[in-house]
Structures are given as C-alpha cells and as structure tokens.
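The structure file query_13.csv is reproduced below (CSV, C-alpha atoms and all ligand atoms).
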```
chain,number,residue,atom,x,y,z
A,85,MET,CA,121.5,103.4,72.5
A,86,LYS,CA,119.9,100.9,70.1
A,87,PRO,CA,118.9,102.2,66.6
A,88,PHE,CA,115.2,102.8,66.2
A,89,SER,CA,112.8,104.2,63.6
A,90,TYR,CA,110.6,107.2,64.0
A,91,THR,CA,107.4,108.5,62.5
A,92,LYS,CA,105.3,111.6,63.2
A,93,ALA,CA,101.6,110.8,63.7
A,94,ARG,CA,99.0,113.0,62.0
A,95,THR,CA,95.9,111.5,63.7
A,96,GLU,CA,95.1,109.7,67.0
A,97,GLU,CA,94.0,106.7,64.9
A,98,GLU,CA,97.5,106.6,63.3
A,99,VAL,CA,99.0,106.5,66.8
A,100,ILE,CA,96.9,103.5,67.9
A,101,ALA,CA,97.6,101.6,64.6
A,102,SER,CA,101.4,102.2,65.1
A,103,LEU,CA,101.3,100.9,68.7
A,104,SER,CA,100.1,97.5,67.5
A,105,SER,CA,103.7,96.8,66.2
A,106,PRO,CA,105.8,95.3,68.9
A,107,GLY,CA,108.5,97.5,70.4
A,108,THR,CA,106.7,100.7,69.5
A,109,ARG,CA,106.2,103.5,72.0
A,110,ILE,CA,104.7,107.0,72.0
A,111,LEU,CA,107.1,110.0,72.0
A,112,ALA,CA,105.7,113.2,73.5
A,113,GLY,CA,108.2,115.7,74.9
A,114,GLY,CA,110.9,113.1,75.0
A,115,THR,CA,112.4,114.5,78.3
A,116,THR,CA,112.4,111.1,80.0
A,117,LEU,CA,112.0,108.5,77.3
A,118,TYR,CA,115.2,109.5,75.5
A,119,ASP,CA,117.1,109.3,78.8
A,120,LEU,CA,115.9,105.8,79.4
A,121,MET,CA,116.8,104.8,75.8
A,122,LYS,CA,120.3,106.2,76.2
A,123,LEU,CA,120.6,104.1,79.4
A,124,ASP,CA,119.4,101.0,77.5
A,125,VAL,CA,116.6,100.7,80.1
A,126,GLU,CA,114.1,101.1,77.2
A,127,THR,CA,115.1,99.3,74.0
A,128,LEU,CA,112.5,100.3,71.5
A,129,ALA,CA,112.2,99.5,67.8
A,130,HIS,CA,110.0,102.4,66.8
A,131,LEU,CA,108.8,105.8,68.2
A,132,VAL,CA,105.6,107.4,67.1
A,133,ASP,CA,105.8,111.1,67.8
A,134,ILE,CA,102.4,112.6,68.9
A,135,ALA,CA,103.7,116.2,69.5
A,136,SER,CA,102.0,117.6,66.4
A,137,LEU,CA,98.5,116.1,67.0
A,138,GLN,CA,95.9,118.9,67.0
A,139,GLY,CA,93.6,119.6,69.9
A,140,LEU,CA,95.4,117.7,72.6
A,141,ASP,CA,97.1,120.7,74.3
A,142,ASP,CA,93.9,122.5,75.5
A,143,ILE,CA,93.5,123.9,79.0
A,144,ARG,CA,89.7,124.3,79.6
A,145,LEU,CA,88.2,125.5,82.9
A,146,GLY,CA,84.5,124.9,82.9
A,147,PRO,CA,81.9,125.1,85.6
A,148,GLU,CA,81.7,121.3,85.9
A,149,ARG,CA,85.3,120.3,85.5
A,150,ILE,CA,88.7,121.2,84.2
A,151,GLU,CA,89.9,119.4,81.1
A,152,LEU,CA,93.7,119.3,80.3
A,153,GLY,CA,94.9,117.8,77.0
A,154,ALA,CA,97.6,115.1,77.3
A,155,LEU,CA,99.9,117.3,75.2
A,156,ALA,CA,99.5,120.4,77.3
A,157,ARG,CA,103.0,121.5,78.4
A,158,MET,CA,103.8,121.4,82.1
A,159,SER,CA,104.9,125.1,82.0
A,160,ASP,CA,101.7,126.2,80.3
A,161,VAL,CA,99.5,124.6,82.9
A,162,ALA,CA,101.6,125.7,85.8
A,163,GLY,CA,101.5,129.3,84.6
A,164,HIS,CA,97.8,129.4,83.8
A,165,PRO,CA,96.6,132.3,86.0
A,166,GLU,CA,93.0,131.1,86.5
A,167,LEU,CA,94.0,127.5,87.1
A,168,ALA,CA,96.6,128.6,89.7
A,169,ALA,CA,93.9,130.7,91.5
A,170,ARG,CA,91.2,128.0,91.4
A,171,TYR,CA,93.4,124.9,91.9
A,172,PRO,CA,96.8,125.9,93.4
A,173,VAL,CA,97.6,122.3,94.2
A,174,LEU,CA,97.7,121.5,90.5
A,175,ALA,CA,99.8,124.5,89.5
A,176,GLU,CA,102.2,124.1,92.4
A,177,ALA,CA,102.7,120.3,91.7
A,178,LEU,CA,103.8,121.2,88.2
A,179,ALA,CA,105.8,124.3,89.0
A,180,LYS,CA,107.8,122.4,91.6
A,181,ALA,CA,108.7,119.6,89.2
A,182,ALA,CA,111.9,119.3,87.1
A,183,SER,CA,113.3,122.6,85.7
A,184,GLN,CA,111.8,125.4,83.6
A,185,GLN,CA,113.5,124.1,80.4
A,186,LEU,CA,112.1,120.6,81.0
A,187,ARG,CA,108.6,121.9,81.9
A,188,ASN,CA,108.6,123.8,78.6
A,189,MET,CA,109.1,120.5,76.7
A,190,ALA,CA,107.4,118.0,78.9
A,191,THR,CA,103.7,117.1,78.5
A,192,LEU,CA,101.1,116.1,81.1
A,193,GLY,CA,100.6,112.6,79.6
A,194,GLY,CA,104.4,112.0,79.7
A,195,ASN,CA,104.6,113.3,83.2
A,196,LEU,CA,101.9,110.8,84.4
A,197,LEU,CA,103.8,107.9,82.8
A,198,GLN,CA,107.4,108.7,83.9
A,199,ARG,CA,109.2,105.8,85.4
A,200,THR,CA,110.9,105.4,88.7
A,201,ARG,CA,114.2,107.2,89.5
A,202,CYS,CA,115.6,104.1,91.4
A,203,ALA,CA,119.3,104.3,90.6
A,204,TYR,CA,119.5,100.5,90.3
A,205,PHE,CA,116.8,100.5,87.7
A,206,ARG,CA,118.3,103.3,85.7
A,207,ASN,CA,122.0,102.6,86.0
A,208,GLY,CA,122.9,99.6,84.0
A,209,LEU,CA,122.6,95.9,83.8
A,210,HIS,CA,125.1,95.2,86.7
A,211,TYR,CA,122.3,95.4,89.3
A,212,PRO,CA,119.5,92.9,89.9
A,213,CYS,CA,116.2,94.8,89.3
A,214,ASN,CA,112.8,93.1,89.0
A,215,LYS,CA,111.4,96.1,87.3
A,216,ARG,CA,113.9,96.1,84.5
A,217,LEU,CA,114.5,92.4,84.3
A,218,PRO,CA,111.7,90.4,86.0
A,219,GLY,CA,113.0,87.7,88.3
A,220,SER,CA,116.5,89.1,88.7
A,221,GLY,CA,116.0,90.4,92.3
A,222,CYS,CA,116.0,93.9,93.9
A,223,ALA,CA,119.3,95.6,94.6
A,224,ALA,CA,117.6,98.3,96.6
A,225,GLN,CA,116.4,95.9,99.4
A,226,GLU,CA,119.9,95.4,100.7
A,227,GLY,CA,121.4,98.5,99.1
A,228,LEU,CA,120.9,102.2,99.1
A,229,ASP,CA,117.2,102.8,99.8
A,230,ARG,CA,117.3,106.4,101.0
A,231,ASN,CA,115.0,107.5,98.3
A,232,HIS,CA,112.8,104.5,98.3
A,233,ALA,CA,109.2,103.8,99.4
A,234,LEU,CA,107.9,103.1,102.9
A,235,LEU,CA,104.4,102.5,101.7
A,236,GLY,CA,103.1,100.1,99.1
A,237,GLY,CA,106.3,98.2,98.5
A,238,SER,CA,106.7,94.5,98.1
A,239,GLU,CA,109.5,91.9,98.4
A,240,ALA,CA,110.0,92.4,94.7
A,241,CYS,CA,110.3,96.2,94.5
A,242,ILE,CA,110.3,99.3,96.7
A,243,ALA,CA,110.7,101.9,94.1
A,244,VAL,CA,109.0,105.3,94.6
A,245,TYR,CA,106.6,106.7,92.1
A,246,PRO,CA,108.5,109.9,91.3
A,247,GLY,CA,106.0,112.3,89.8
A,248,ASP,CA,104.4,115.2,91.5
A,249,PHE,CA,101.4,116.0,89.3
A,250,ALA,CA,99.7,112.6,89.7
A,251,VAL,CA,99.8,113.0,93.5
A,252,ALA,CA,97.8,116.3,93.1
A,253,LEU,CA,95.4,114.6,90.6
A,254,VAL,CA,94.8,111.7,93.0
A,255,ALA,CA,93.9,114.1,95.8
A,256,LEU,CA,91.3,115.8,93.5
A,257,ASP,CA,89.7,112.5,92.3
A,258,ALA,CA,90.8,113.2,88.7
A,259,GLU,CA,90.2,110.9,85.8
A,260,ILE,CA,92.0,110.3,82.4
A,261,GLU,CA,90.4,109.6,79.1
A,262,THR,CA,92.3,107.2,76.9
A,263,LEU,CA,92.0,105.9,73.3
A,264,GLY,CA,92.8,102.3,72.4
A,265,PRO,CA,91.9,99.7,69.8
A,266,GLY,CA,88.5,99.2,71.6
A,267,GLY,CA,87.7,103.0,71.6
A,268,ARG,CA,87.7,105.5,74.4
A,269,ARG,CA,87.9,104.6,78.1
A,270,ARG,CA,88.0,106.5,81.4
A,271,HIS,CA,90.2,105.6,84.4
A,272,LYS,CA,90.6,107.2,87.8
A,273,VAL,CA,94.1,108.5,88.1
A,274,ALA,CA,94.1,106.8,91.6
A,275,GLU,CA,93.9,103.5,89.7
A,276,LEU,CA,96.4,104.3,86.9
A,277,HIS,CA,99.6,103.2,88.7
A,278,ARG,CA,99.7,99.6,90.0
A,279,LEU,CA,101.2,98.4,93.2
A,280,PRO,CA,104.4,96.5,92.4
A,281,GLY,CA,103.4,93.2,94.0
A,282,SER,CA,105.2,90.4,92.3
A,283,THR,CA,105.1,92.1,88.9
A,284,PRO,CA,106.8,95.5,89.3
A,285,HIS,CA,107.6,95.7,85.6
A,286,VAL,CA,103.8,96.1,85.0
A,287,GLU,CA,103.5,99.7,86.2
A,288,THR,CA,100.1,100.9,85.0
A,289,ILE,CA,96.7,99.6,84.1
A,290,LEU,CA,97.0,100.9,80.5
A,291,GLU,CA,97.1,98.5,77.6
A,292,PRO,CA,100.3,98.7,75.4
A,293,GLU,CA,98.1,100.2,72.6
A,294,GLU,CA,96.4,102.8,74.8
A,295,MET,CA,97.1,106.5,74.6
A,296,ILE,CA,96.2,109.2,77.1
A,297,ILE,CA,94.0,111.8,75.5
A,298,ARG,CA,93.1,114.1,78.3
A,299,ILE,CA,92.8,114.6,82.1
A,300,MET,CA,89.5,115.6,83.8
A,301,VAL,CA,89.4,117.2,87.2
A,302,PRO,CA,85.9,117.6,88.7
A,303,ALA,CA,85.1,121.2,89.9
A,304,ALA,CA,84.7,121.1,93.6
A,305,PRO,CA,84.6,123.4,96.6
A,306,TYR,CA,88.0,122.2,97.8
A,307,GLY,CA,90.0,123.6,94.9
A,308,ARG,CA,91.0,127.0,96.2
A,309,ALA,CA,92.0,125.9,99.7
A,310,SER,CA,94.7,123.6,98.4
A,311,THR,CA,98.4,123.2,98.1
A,312,TYR,CA,101.2,121.0,97.0
A,313,HIS,CA,104.0,121.0,99.6
A,314,LYS,CA,107.2,119.3,98.5
A,315,ILE,CA,110.4,118.7,100.4
A,316,ARG,CA,113.6,117.8,98.5
A,317,ASP,CA,117.3,117.8,98.9
A,318,ARG,CA,117.7,121.1,97.2
A,319,GLU,CA,115.0,123.8,96.7
A,320,SER,CA,114.6,123.3,93.0
A,321,TYR,CA,115.2,120.8,90.2
A,322,ALA,CA,114.9,117.8,92.5
A,323,PHE,CA,112.4,115.0,93.0
A,324,ALA,CA,110.4,114.8,96.2
A,325,LEU,CA,111.8,113.2,99.3
A,326,THR,CA,108.3,113.7,100.7
A,327,SER,CA,105.4,115.6,99.4
A,328,ALA,CA,101.7,116.2,100.2
A,329,ALA,CA,98.8,117.4,98.1
A,330,VAL,CA,96.1,118.8,100.4
A,331,ALA,CA,92.7,120.2,99.4
A,332,LEU,CA,90.2,121.4,102.0
A,333,ASP,CA,86.5,122.2,101.8
A,334,ILE,CA,86.3,124.9,104.5
A,335,GLU,CA,83.2,126.8,105.8
A,336,GLY,CA,84.0,129.6,108.1
A,337,ASP,CA,86.9,128.1,110.2
A,338,VAL,CA,85.6,124.5,110.0
A,339,ILE,CA,87.0,121.9,107.7
A,340,ARG,CA,84.0,120.2,106.2
A,341,SER,CA,86.1,117.6,104.3
A,342,ALA,CA,89.7,117.0,103.4
A,343,ARG,CA,91.6,115.3,100.6
A,344,ILE,CA,95.2,114.3,101.1
A,345,ALA,CA,97.7,112.4,98.9
A,346,LEU,CA,101.3,111.7,99.5
A,347,GLY,CA,104.3,111.7,97.2
A,348,GLY,CA,107.9,110.6,97.6
A,349,VAL,CA,107.1,107.9,100.2
A,350,ALA,CA,105.1,105.3,98.3
A,351,THR,CA,105.2,103.1,95.2
A,352,ARG,CA,102.3,105.1,93.7
A,353,PRO,CA,100.5,108.3,94.6
A,354,TRP,CA,99.1,107.5,98.1
A,355,ARG,CA,95.7,108.7,99.3
A,356,VAL,CA,95.2,108.6,103.1
A,357,PRO,CA,91.5,108.4,103.9
A,358,ASP,CA,92.0,108.0,107.7
A,359,ALA,CA,94.0,111.2,108.0
A,360,GLU,CA,91.3,112.9,105.8
A,361,ALA,CA,88.5,111.6,108.2
A,362,MET,CA,90.4,113.0,111.2
A,363,LEU,CA,90.1,116.5,109.8
A,364,ALA,CA,86.4,116.4,108.9
A,365,GLY,CA,84.2,118.7,111.0
A,366,GLN,CA,87.2,120.1,112.9
A,367,LYS,CA,88.7,123.6,113.3
A,368,PHE,CA,92.3,123.8,112.2
A,369,ASP,CA,94.9,123.8,114.9
A,370,GLU,CA,98.6,122.8,114.8
A,371,ARG,CA,98.1,119.8,117.1
A,372,LEU,CA,95.3,118.4,114.8
A,373,ALA,CA,97.5,118.9,111.7
A,374,ARG,CA,100.4,117.1,113.4
A,375,GLU,CA,98.1,114.2,114.4
A,376,ALA,CA,96.8,113.9,110.8
A,377,GLY,CA,100.4,113.9,109.5
A,378,ARG,CA,101.3,111.0,111.8
A,379,MET,CA,98.1,109.2,110.8
A,380,ALA,CA,99.0,109.7,107.1
A,381,MET,CA,102.3,107.8,107.6
A,382,ARG,CA,100.6,105.0,109.6
A,383,GLY,CA,101.6,101.6,108.2
A,384,ALA,CA,104.9,102.9,106.8
A,385,GLN,CA,107.7,100.4,106.8
A,386,PRO,CA,111.1,102.1,106.8
A,387,GLY,CA,114.1,100.3,105.3
A,388,ARG,CA,117.8,100.7,106.1
A,389,HIS,CA,118.3,104.4,105.1
A,390,ASN,CA,114.9,106.0,104.7
A,391,GLY,CA,113.5,106.0,108.2
A,392,PHE,CA,113.9,109.8,108.3
A,393,LYS,CA,110.9,109.9,105.9
A,394,LEU,CA,108.5,108.8,108.6
A,395,GLU,CA,108.9,112.1,110.6
A,396,LEU,CA,109.5,114.2,107.5
A,397,GLY,CA,106.4,112.8,105.7
A,398,ALA,CA,104.2,113.5,108.8
A,399,ARG,CA,105.6,117.1,109.0
A,400,THR,CA,105.1,117.6,105.3
A,401,VAL,CA,101.4,116.7,105.6
A,402,ALA,CA,101.0,118.9,108.7
A,403,GLU,CA,102.5,121.9,107.0
A,404,ALA,CA,100.4,121.3,103.9
A,405,ILE,CA,97.3,121.3,106.0
A,406,ARG,CA,98.3,124.5,107.6
A,407,ILE,CA,99.0,126.2,104.2
A,408,ALA,CA,95.7,125.0,102.7
A,409,SER,CA,93.8,126.0,105.8
A,410,ASP,CA,95.3,129.5,105.8
A,411,ARG,CA,94.2,129.8,102.1
A,412,GLY,CA,90.7,128.7,103.1
A,413,ALA,CA,90.5,131.3,105.9
A,414,ARG,CA,91.2,134.0,103.3
A,415,LEU,CA,88.5,133.0,100.9
A,501,LIG,C1,116.4,115.9,85.4
A,501,LIG,C2,115.0,115.7,85.5
A,501,LIG,C3,114.3,116.1,86.7
A,501,LIG,C4,112.9,115.9,86.8
A,501,LIG,N1,112.3,116.3,88.0
A,501,LIG,C5,110.9,116.0,88.1
A,501,LIG,C6,110.3,116.3,89.3
A,501,LIG,O1,110.8,116.9,90.2
A,501,LIG,N2,108.9,116.0,89.4
A,501,LIG,C7,108.3,115.4,88.3
A,501,LIG,O2,107.1,115.1,88.5
A,501,LIG,N3,108.9,115.1,87.2
A,501,LIG,C8,110.2,115.3,87.1
A,501,LIG,N4,110.9,114.9,85.9
A,501,LIG,C9,110.2,114.2,85.0
A,501,LIG,C10,109.5,115.0,83.9
A,501,LIG,O3,108.4,115.7,84.5
A,501,LIG,C11,109.2,114.1,82.8
A,501,LIG,O4,110.4,113.8,82.1
A,501,LIG,C12,108.2,114.7,81.8
A,501,LIG,O5,107.0,115.1,82.4
A,501,LIG,C13,107.8,113.6,80.8
A,501,LIG,O6,107.0,114.2,79.8
A,501,LIG,P1,107.4,114.1,78.2
A,501,LIG,O7,106.3,114.7,77.5
A,501,LIG,O8,108.7,114.6,77.9
A,501,LIG,O9,107.3,112.5,78.1
A,501,LIG,P2,108.1,111.5,77.2
A,501,LIG,O10,109.5,111.4,77.6
A,501,LIG,O11,107.9,111.8,75.7
A,501,LIG,O12,107.3,110.1,77.5
A,501,LIG,C14,107.4,109.5,78.8
A,501,LIG,C15,106.6,108.2,78.7
A,501,LIG,O13,105.2,108.5,78.6
A,501,LIG,C16,104.7,107.9,77.4
A,501,LIG,N5,103.7,108.8,76.9
A,501,LIG,C17,103.8,110.2,76.7
A,501,LIG,N6,102.7,110.7,76.4
A,501,LIG,C18,101.7,109.7,76.3
A,501,LIG,C19,100.3,109.7,76.1
A,501,LIG,N7,99.6,110.8,75.7
A,501,LIG,N8,99.7,108.5,76.1
A,501,LIG,C20,100.4,107.3,76.4
A,501,LIG,N9,101.7,107.3,76.7
A,501,LIG,C21,102.4,108.5,76.7
A,501,LIG,C22,105.9,107.6,76.5
A,501,LIG,O14,105.6,106.6,75.6
A,501,LIG,C23,106.9,107.4,77.5
A,501,LIG,O15,106.9,106.0,77.9
A,501,LIG,C24,112.2,115.2,85.8
A,501,LIG,C25,112.9,114.8,84.6
A,501,LIG,C26,114.2,115.1,84.5
A,501,LIG,C27,114.9,114.6,83.2
A,502,LIG,S1,113.4,99.0,94.0
A,502,LIG,FE1,112.4,98.2,92.1
A,502,LIG,S2,113.3,99.5,90.6
A,502,LIG,FE2,114.7,99.6,92.3
A,502,LIG,S3,116.1,97.8,92.1
A,502,LIG,FE3,114.4,97.1,93.3
A,502,LIG,S4,113.1,96.2,91.7
A,502,LIG,FE4,114.5,97.6,90.7
```

Represent the structure contained in this file as structure tokens.
Ligand SMILES: Cc1cc2nc3c(=O)[nH]c(=O)nc-3n(C[C@H](O)[C@H](O)[C@H](O)COP(=O)(O)OP(=O)(O)OC[C@H]3O[C@@H](n4cnc5c(N)ncnc54)[C@H](O)[C@@H]3O)c2cc1C
Ligand code: SF4
Amino acid sequence: MKPFSYTKARTEEEVIASLSSPGTRILAGGTTLYDLMKLDVETLAHLVDIASLQGLDDIRLGPERIELGALARMSDVAGHPELAARYPVLAEALAKAASQQLRNMATLGGNLLQRTRCAYFRNGLHYPCNKRLPGSGCAAQEGLDRNHALLGGSEACIAVYPGDFAVALVALDAEIETLGPGGRRRHKVAELHRLPGSTPHVETILEPEEMIIRIMVPAAPYGRASTYHKIRDRESYAFALTSAAVALDIEGDVIRSARIALGGVATRPWRVPDAEAMLAGQKFDERLAREAGRMAMRGAQPGRHNGFKLELGARTVAEAIRIASDRGARL
C-alpha cells in the first residue's frame, strides 16, 4: 500500500475543493476503498473523509418521494421498518449485501460506487486488465469468466457490476443529487454506470470532483409489491450470481405495470423493458413469469464458464415476479 495523506472534511464545499487536487478521493465507510488501496489497484495520494459531514445520513419518507442521504449506513436503511414495508425491494437489496459488520460501516454513496470484483482486476499486476491498465487486454475473456457478464460486455471488458442496491434503484427509476464545482446536478441512477465499451476504466458519468449527496426514489404504486431476489454461491455474505429487482403495480389480480432490473449478469444494473411489457395487463401465472424471465435474458452472450447464468437468470426473474405478485395479492 502506498503512503497517502488524510483530512477530515467539515463541509461539502471543503470536499469539492479537496477533490481538485490530483490523486484525491472521497473516503466514506472505507469498506471497499481501503481493500483496493491495499491491493494497489487504487494508488491515491490523499483521502478526504466525509464521514462526519452533517445532514447526509437522513432517511426521509415523504408522500412524493423517499430521500436517502449518501452517508446513510446500509444497515440503518435496510432496518428502517417503514421503508421495508413500503419498498421491500430496497430493504432486501441492502440486507442481502455483504455482512452485518460491513453494512454497519458502509454508506449508500460508497455502495453505488463500488468497483467490480473481477479477480483479474483485483489480484495484482500479473494479469492484463483494461479496467486497471487501459490497453493491457482482458484476462477474463480467455480465462475464468464464471462470475462475469452475459449482457453489456465488450471486447475490452466483461466485468459484472457487483452491487445490489443500484439494481433496486434502477428498477424504481431513482435519481441521485450530486455536488461538484459547477453546483448541484441530478442524474438517473440508470445512467450512473457506463457500459465498458472501449474505455472500461471510465466507470460512471460522474466528474472526478463530483460528490453524491443524496438518492431520491419517487413514491409510486409499485413500491409495496416488490422484491429483490438474489442467488449466490452461499446464502449470505456473497455477491450475486444472478439477481432480480421486481416491482409491480397490481390492481386486483391484474398487473398494471412492471419494473424489472437484473444484477449479477450485466456490466451495469440492467433494466429489461421487453419483459416488463410482457407482464402489463396480465394476471400472474407461473408460465407467464417463466416467459418474462426468458425474455429478460434475451441477448445474453455466455462465455466459457458462465452459461449457467442464462437459465439461472431467467428463473431468478420468474421467482421474483412470483414473490412480488404474492405480495401484491395481499395488499
Ligand atoms: C467482503 C465484502 C462483501 C461484499 N458483498 C457485497 C454484496 O453482496 N453486495 C453489495 O452490494 N456490496 C457488497 N460489498 C460492497 C460493500 O457494500 C461496499 O464495500 C460498501 O457499500 C462501500 O461503502 P463505503 O461507504 O464503505 O465506501 P468507501 O469504501 O468509503 O468508498 C467506495 C468508493 O465510493 C466513493 N465514494 C463514497 N462515498 C461517496 C460519495 N458520497 N460521493 C462520491 N464518491 C463516494 C469512494 O471515493 C470510493 O471510490 C461487499 C464488500 C466486501 C468487502
Ligand atoms: S473483465 Fe474487465 S475487469 Fe476483468 S480482467 Fe477483463 S478488463 Fe479487467
């Protein structure tokens, strides 16, 4: 690990000013940034700690929208009783991520900006990796790609976006508010993470001097009939092999509209409008859910070792639709 300097910011403006120095990065919970620094994947000159900034850890549930501060802890949001009742998909996506100890430290802003778990990216300079060293190649293409993406990949990179929470936010059309040298901006979470294309090292649309302030989720009729279904190698403390965030607007037993996003299978949280359209105006049944699951995985391009995700991904979506539909029927 390279030596670095550290300051604690007292205001948001101080953070933005610090970020103008090259090699400076925000430190929030530190649960993933320190790991990457120890692995020499991140070689930073300075960390600006935002953990003590006031007013950025709020959890507000209003009639128009939910507002979640970027410094709200994953465990506080996952365990918020009203949020869990009104938006199970959000609470479940957080509760099924990482471990309790990590969730107690980790913040929502840091969660959105976590980097891929591709082993070639994380484990040393011995492997070609376009994300870590642009132009060096991609070891995963001819290597172990079991955990890699079937959707949204490019010749340069097939790394999966690893987070759970962003997948749920994308399904709910959430936005983030950011602060940068030019003032405050809003972005759709669906546009936050970029496809790798030929520049996989450029992962988000954020400027280097931009800080996430809060997350806004519009209040909507599909919050309660929702779920985050996650399949992993072991039942806890593991990243998704496949996951699905599903939210349904249900009237009686008819699905008026559906929102579906996939995790674990794509290079960014992956919304599937065709599968959503297939459910609109229909009554739930198992066959329909299975068809929507298959539709959700349409266009997937399996590699050498991850073909199992095609069927698993389709089944994950189908099961999530069933769970959300059951919840809708009980409202
Ligand atoms: C063993 C392990 C298992 C895990 N399993 C899962 C899992 O199953 N699912 C899952 O979703 N996650 C998982 N994670 C990831 C975990 O959720 C993240 O480490 C955590 O959410 C990051 O939050 P943090 O506050 O600690 O971020 P930090 O480590 O402090 O920061 C992460 C990145 O975000 C940037 N950043 C932080 N806050 C802001 C902000 N407000 N504005 C701009 N930039 C910011 C930092 O500069 C840094 O680049 C796991 C992590 C570990 C170590
Ligand atoms: S998949 Fe992406 S992150 Fe992994 S080795 Fe290839 S370029 Fe690097």

- Find the residues around Ala223 of chain A up to 8 Å (all atoms listed in the file counted), leave out those fewer than 3 positions away in its own chain, and share them as a ChimeraX atom specification. /A:204,211-213,226-227

- Message: As a quick test: using only C-alpha atoms and all ligand atoms, which residues lie no more than 10 Å away from ligand LIG 502 (chain A)? Give them as a ChimeraX atom specification.
- Response: /A:199-207,211-229,231-233,237-245,280,282-285,351

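Of note, atom CA of Gln198 of chain A and atom CA of Leu167 of chain A are spaced 23.3 Å apart.
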
- Message: At a cut-off of 6 Å, using all atoms listed in the file, what residues contact segment 106-110 of chain A? Leave out same-chain residues fewer than 3 positions from it and give the result as a ChimeraX atom specification.
- Response: /A:103,128-133

Any chance you could export the current selection's C-alpha atoms as a PDB file, keeping the file's coordinate frame?
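Once written, selection16.pdb looks like this:
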```
ATOM      1  CA  LEU A 103     101.300 100.900  68.700  1.00  0.00           C
ATOM      2  CA  LEU A 128     112.500 100.300  71.500  1.00  0.00           C
ATOM      3  CA  ALA A 129     112.200  99.500  67.800  1.00  0.00           C
ATOM      4  CA  HIS A 130     110.000 102.400  66.800  1.00  0.00           C
ATOM      5  CA  LEU A 131     108.800 105.800  68.200  1.00  0.00           C
ATOM      6  CA  VAL A 132     105.600 107.400  67.100  1.00  0.00           C
ATOM      7  CA  ASP A 133     105.800 111.100  67.800  1.00  0.00           C
TER       8      ASP A 133
END
```

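Atom pair atom CA of Glu294 of chain A / atom CA of Gly348 of chain A has a distance of 26.7 Å (rounded to one decimal).
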
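Each of A:Glu148, A:Asp248, A:Asp142, A:Glu293 was compared to ligand LIG 501 (chain A) using all atoms listed in the file, and A:Asp248 turns out to be the nearest.
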
Closest pair table for chain A residues within 6 Å of ligand LIG 501 (chain A), only C-alpha atoms and all ligand atoms, as JSON lines:
```
{"residue": "A:Arg109", "atom": "CA", "partner": "A:LIG501", "partner_atom": "O14", "distance": 4.8}
{"residue": "A:Ile110", "atom": "CA", "partner": "A:LIG501", "partner_atom": "O14", "distance": 3.7}
{"residue": "A:Leu111", "atom": "CA", "partner": "A:LIG501", "partner_atom": "O11", "distance": 4.2}
{"residue": "A:Ala112", "atom": "CA", "partner": "A:LIG501", "partner_atom": "O11", "distance": 3.4}
{"residue": "A:Gly113", "atom": "CA", "partner": "A:LIG501", "partner_atom": "O8", "distance": 3.2}
{"residue": "A:Gly114", "atom": "CA", "partner": "A:LIG501", "partner_atom": "O11", "distance": 3.3}
{"residue": "A:Thr115", "atom": "CA", "partner": "A:LIG501", "partner_atom": "O8", "distance": 3.7}
{"residue": "A:Thr116", "atom": "CA", "partner": "A:LIG501", "partner_atom": "O10", "distance": 3.8}
{"residue": "A:Leu117", "atom": "CA", "partner": "A:LIG501", "partner_atom": "O10", "distance": 3.8}
{"residue": "A:Ala154", "atom": "CA", "partner": "A:LIG501", "partner_atom": "N7", "distance": 5.0}
{"residue": "A:Ala181", "atom": "CA", "partner": "A:LIG501", "partner_atom": "O1", "distance": 3.6}
{"residue": "A:Ala182", "atom": "CA", "partner": "A:LIG501", "partner_atom": "N1", "distance": 3.2}
{"residue": "A:Ala190", "atom": "CA", "partner": "A:LIG501", "partner_atom": "O7", "distance": 3.7}
{"residue": "A:Thr191", "atom": "CA", "partner": "A:LIG501", "partner_atom": "O7", "distance": 3.7}
{"residue": "A:Gly193", "atom": "CA", "partner": "A:LIG501", "partner_atom": "N6", "distance": 4.3}
{"residue": "A:Gly194", "atom": "CA", "partner": "A:LIG501", "partner_atom": "O9", "distance": 3.3}
{"residue": "A:Asn195", "atom": "CA", "partner": "A:LIG501", "partner_atom": "O5", "distance": 3.1}
{"residue": "A:Leu197", "atom": "CA", "partner": "A:LIG501", "partner_atom": "O13", "distance": 4.5}
{"residue": "A:Gln198", "atom": "CA", "partner": "A:LIG501", "partner_atom": "C14", "distance": 5.2}
{"residue": "A:Gly247", "atom": "CA", "partner": "A:LIG501", "partner_atom": "O2", "distance": 3.3}
{"residue": "A:Asp248", "atom": "CA", "partner": "A:LIG501", "partner_atom": "O2", "distance": 4.0}
{"residue": "A:Phe249", "atom": "CA", "partner": "A:LIG501", "partner_atom": "O2", "distance": 5.8}
{"residue": "A:Met295", "atom": "CA", "partner": "A:LIG501", "partner_atom": "N8", "distance": 3.6}
{"residue": "A:Ile296", "atom": "CA", "partner": "A:LIG501", "partner_atom": "N8", "distance": 3.7}
{"residue": "A:Ile297", "atom": "CA", "partner": "A:LIG501", "partner_atom": "N7", "distance": 5.7}
{"residue": "A:Tyr321", "atom": "CA", "partner": "A:LIG501", "partner_atom": "N1", "distance": 5.8}
{"residue": "A:Ala322", "atom": "CA", "partner": "A:LIG501", "partner_atom": "O1", "distance": 4.8}
{"residue": "A:Phe323", "atom": "CA", "partner": "A:LIG501", "partner_atom": "O1", "distance": 3.7}
```

- Query: Do you know which residues are at most 7 Å from segment 253-258 of chain A counting all atoms listed in the file, after dropping those on the same chain fewer than 5 positions away, and could you put them as a PyMOL selection string?
  - Reply: chain A and resi 272-274+300-302+329-330+343-345+353+355

Output file for the residues above (C-alpha atoms, as an mmCIF file, keeping the file's coordinate frame):
```cif
data_model
loop_
_atom_site.group_PDB
_atom_site.id
_atom_site.type_symbol
_atom_site.label_atom_id
_atom_site.label_comp_id
_atom_site.auth_asym_id
_atom_site.auth_seq_id
_atom_site.Cartn_x
_atom_site.Cartn_y
_atom_site.Cartn_z
ATOM 1 C CA LYS A 272 90.600 107.200 87.800
ATOM 2 C CA VAL A 273 94.100 108.500 88.100
ATOM 3 C CA ALA A 274 94.100 106.800 91.600
ATOM 4 C CA MET A 300 89.500 115.600 83.800
ATOM 5 C CA VAL A 301 89.400 117.200 87.200
ATOM 6 C CA PRO A 302 85.900 117.600 88.700
ATOM 7 C CA ALA A 329 98.800 117.400 98.100
ATOM 8 C CA VAL A 330 96.100 118.800 100.400
ATOM 9 C CA ARG A 343 91.600 115.300 100.600
ATOM 10 C CA ILE A 344 95.200 114.300 101.100
ATOM 11 C CA ALA A 345 97.700 112.400 98.900
ATOM 12 C CA PRO A 353 100.500 108.300 94.600
ATOM 13 C CA ARG A 355 95.700 108.700 99.300
#
```

So which residues touch Ala156 of chain A within 8 Å, counting all atoms listed in the file, skipping near sequence neighbours fewer than 4 positions away, as a short mmCIF file (atom, residue, chain, number, x, y, z; two decimals) with C-alpha atoms, in the coordinates of the input?
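Written file, result-v1.cif:
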```cif
data_model
loop_
_atom_site.label_atom_id
_atom_site.label_comp_id
_atom_site.auth_asym_id
_atom_site.auth_seq_id
_atom_site.Cartn_x
_atom_site.Cartn_y
_atom_site.Cartn_z
CA LEU A 140 95.40 117.70 72.60
CA ASP A 141 97.10 120.70 74.30
CA ASP A 142 93.90 122.50 75.50
CA ILE A 143 93.50 123.90 79.00
CA LEU A 152 93.70 119.30 80.30
CA ASP A 160 101.70 126.20 80.30
CA VAL A 161 99.50 124.60 82.90
CA THR A 191 103.70 117.10 78.50
CA LEU A 192 101.10 116.10 81.10
#
```
